[in-house]
Amino acid sequence: MAADIPIIDAHVHLYPESEISTLAWCSPDNPLAKQQSVEEYKAASASSPPRGFIFVETDRKNDLDTGAEDGSGWEGPLMEVAWLKRVVTGQPKANEGHAEGDASLCAAYIPWAPLPSGCDAMEKYIELVKREAGESWPKVRGFRYLLQDKPDGTMLQDDFIESLKLLGRRGFVFELGVDQHRRGRAQLEEVVEMIDRAHEGVPEDEKVTFMINHMCKPDLEVYNTHTSTSFIAWRTAIFTLSKCSHTYMKLSGGFSEMPQSLKQRPAEEIFEALVPWLTIIVAAFGADRIMFASDWPVCTVGVGDGAWEKWRKIVERLCWMASFNDEQKKMIWGGTALKAYGIKS
């Protein structure tokens, strides 16, 4: 990769050790149950230091019902916003793993939001985020409610659809996290319907933009993609999603979906195994709607400390395979993220 092409890492999760207990998914024996802050991220990406990163919420503990009633169920996500404010404004607490000089690294951040609770709750919550974010508020470019582990039909509820339309009217993106590997074709079919309903009857400039996380988490353990019903369903969904101009794809999350034996192989061999999926993504979305994203530190699980650099090499090889020119490479490595999130470079 040309050294003069800046990297914006479009998907990272960070948290200080002091707030690990607020993470909904993190048990004491989880390999990620330790500080994963800016300092650790900089060390992991030191081989090709990014110009900046986009922080995506870490699924803090929350309660939709009490949040809508009195706001108490939103304390965890709002604590995360307070933490991001300290990062962005260069005002760390002791032992949080970031310094005043790291403030410029966070290009944008994406908090959690209670989309299933409907527009009234969303309006109240967004105002609380704005208040908590303070001078870092301009860095808030969208919101996420993680759908990959939620009951079938969650994203198709009327309140959820109206919340998506609200985000579009307010100029925010929606960070879309689903899981075809574990939830199957049905969840991808729901995504297609959700986007159609969220955009139906909405003016073009008010349609919410969807940032698709982790390639929709396809099953990368598939051996024969020519006959695999899982691969065929994923491929169909990817082409369908790409037909909407308000969708972008993150090249991320691959390590979590592949067998352990493959994770340990050199980047070049992993790339060869992923070619069927990567070819579809390039054909469907093109360089101007694809963005590099590491999913650090999740990418390190089962891979090790070199995971960030290994994934960078895989994406670099993709750029070579696709014969992208310098302008297209600039889009993959940072330009698409800046455009999609509305970040001024």
# chains A, B, ... in the order shown; residues from 1 in each chain; ligands from 1
$ closest_atom_pairs --of "range 112-184 of chain A" --to "range 87-107 of chain A" --cutoff "12 Å" --atoms "only C-alpha atoms" --output "tab-separated table"
residue	atom	partner	partner_atom	distance
A:Ala133	CA	A:Val88	CA	9.6
A:Gly134	CA	A:Thr89	CA	9.7
A:Glu135	CA	A:Thr89	CA	7.7
A:Ser136	CA	A:Val88	CA	6.3
A:Trp137	CA	A:Val88	CA	9.7
A:Pro138	CA	A:Ala107	CA	10.0
A:Lys139	CA	A:Ala107	CA	6.8
A:Val140	CA	A:Ala107	CA	9.4
A:Arg141	CA	A:Ala107	CA	9.6
$ write_last_selection --atoms "C-alpha atoms" --output "compact mmCIF listing (two decimals), in the first residue's frame"
# COMPACT_ATOMS: atom_id res chain seq x y z
CA ALA A 133 -21.27 14.57 24.69
CA GLY A 134 -20.89 18.32 25.14
CA GLU A 135 -18.22 19.71 22.85
CA SER A 136 -17.67 16.25 21.32
CA TRP A 137 -21.25 16.18 19.98
CA PRO A 138 -20.20 16.96 16.35
CA LYS A 139 -18.30 13.65 16.39
CA VAL A 140 -21.56 11.71 16.90
CA ARG A 141 -22.40 10.67 13.34
$ residues_around --residues "range 126-130 of chain A" --least-positions-apart "6" --cutoff "10 Å" --atoms "only C-alpha atoms" --output "short mmCIF file (atom, residue, chain, number, x, y, z; two decimals) with N, CA and C atoms, in the first residue's frame"
data_model
loop_
_atom_site.label_atom_id
_atom_site.label_comp_id
_atom_site.auth_asym_id
_atom_site.auth_seq_id
_atom_site.Cartn_x
_atom_site.Cartn_y
_atom_site.Cartn_z
N GLY A 71 -35.35 6.86 32.03
CA GLY A 71 -33.97 7.05 31.61
C GLY A 71 -32.96 6.20 32.35
N TRP A 74 -30.71 3.63 30.55
CA TRP A 74 -29.75 4.13 29.56
C TRP A 74 -28.42 4.53 30.19
N PRO A 77 -25.01 3.03 28.37
CA PRO A 77 -24.63 3.69 27.12
C PRO A 77 -24.23 5.16 27.29
N LEU A 78 -24.89 5.87 28.20
CA LEU A 78 -24.52 7.27 28.42
C LEU A 78 -23.16 7.38 29.11
N MET A 79 -22.80 6.40 29.93
CA MET A 79 -21.47 6.37 30.53
C MET A 79 -20.42 6.21 29.43
N GLU A 80 -20.77 5.42 28.41
CA GLU A 80 -19.85 5.25 27.28
C GLU A 80 -19.66 6.56 26.52
N VAL A 81 -20.73 7.33 26.35
CA VAL A 81 -20.62 8.63 25.70
C VAL A 81 -19.69 9.54 26.50
N ALA A 82 -19.82 9.51 27.82
CA ALA A 82 -18.96 10.33 28.67
C ALA A 82 -17.49 9.93 28.50
N PRO A 111 -22.75 5.98 19.20
CA PRO A 111 -23.29 5.43 20.44
C PRO A 111 -24.42 4.42 20.19
N TRP A 112 -24.77 3.71 21.25
CA TRP A 112 -25.97 2.86 21.27
C TRP A 112 -27.20 3.75 21.27
N ALA A 113 -28.32 3.22 20.79
CA ALA A 113 -29.59 3.95 20.87
C ALA A 113 -30.75 2.96 20.96
N PRO A 114 -31.84 3.35 21.65
CA PRO A 114 -32.98 2.44 21.89
C PRO A 114 -34.01 2.46 20.75
N SER A 136 -17.96 17.34 22.26
CA SER A 136 -17.67 16.25 21.32
C SER A 136 -18.87 15.87 20.47
N TRP A 137 -20.01 16.52 20.69
CA TRP A 137 -21.25 16.18 19.98
C TRP A 137 -21.09 16.12 18.46
N PRO A 138 -20.36 17.05 17.82
CA PRO A 138 -20.20 16.96 16.35
C PRO A 138 -19.57 15.65 15.88
N VAL A 140 -20.51 12.74 16.92
CA VAL A 140 -21.56 11.71 16.90
C VAL A 140 -22.20 11.73 15.52
N PHE A 143 -25.96 6.06 15.14
CA PHE A 143 -26.27 5.24 16.30
C PHE A 143 -26.36 3.78 15.90
N LEU A 167 -33.75 8.89 12.43
CA LEU A 167 -32.31 9.05 12.22
C LEU A 167 -32.03 9.70 10.88
#
$ select_by_dssp --residues "range 71-305 of chain A" --states "helix (DSSP H, G or I)" --output "JSON, numbers by chain"
{"A": [72, 73, 74, 75, 76, 77, 78, 79, 80, 81, 82, 83, 84, 85, 86, 87, 88, 89, 100, 101, 102, 103, 104, 105, 115, 116, 117, 119, 120, 121, 122, 123, 124, 125, 126, 127, 128, 129, 130, 131, 132, 133, 134, 135, 136, 137, 138, 139, 154, 155, 156, 158, 159, 160, 161, 162, 163, 164, 165, 166, 167, 168, 169, 170, 180, 181, 182, 183, 185, 186, 187, 188, 189, 190, 191, 192, 193, 194, 195, 196, 197, 198, 199, 204, 205, 206, 213, 214, 215, 216, 229, 230, 231, 232, 233, 234, 235, 236, 237, 238, 239, 240, 241, 242, 255, 256, 257, 260, 261, 262, 263, 267, 268, 269, 270, 271, 272, 273, 274, 275, 276, 277, 278, 279, 280, 281, 282, 283, 284, 285, 287, 288, 289, 298, 299, 300]}
$ closest_residue --among "A:Ala322, A:Ala293, A:Ile161, A:Val275" --to "Ile195 in chain A" --atoms "only C-alpha atoms"
A:Ile161
$ closest_atom_pairs --of "range 9-80 of chain A" --to "range 210-225 of chain A" --cutoff "12 Å" --atoms "only C-alpha atoms" --output "tab-separated table"
residue	atom	partner	partner_atom	distance
A:Ala10	CA	A:Asn213	CA	9.7
A:His11	CA	A:Asn213	CA	8.3
A:Val12	CA	A:Asn213	CA	11.2
A:Ile54	CA	A:Met211	CA	11.9
A:Val56	CA	A:Asn213	CA	10.1
$ write_last_selection --atoms "C-alpha atoms" --output "mmCIF file, in the first residue's frame"
data_model
loop_
_atom_site.group_PDB
_atom_site.id
_atom_site.type_symbol
_atom_site.label_atom_id
_atom_site.label_comp_id
_atom_site.auth_asym_id
_atom_site.auth_seq_id
_atom_site.Cartn_x
_atom_site.Cartn_y
_atom_site.Cartn_z
ATOM 1 C CA ALA A 10 -13.981 2.443 10.267
ATOM 2 C CA HIS A 11 -14.838 0.075 13.112
ATOM 3 C CA VAL A 12 -13.154 -0.176 16.511
ATOM 4 C CA ILE A 54 -14.465 5.414 14.030
ATOM 5 C CA VAL A 56 -18.714 1.888 17.434
#
$ atom_distance --atom1 "CA of His13 in chain A" --atom2 "CA of Met291 in chain A"
16.4 Å
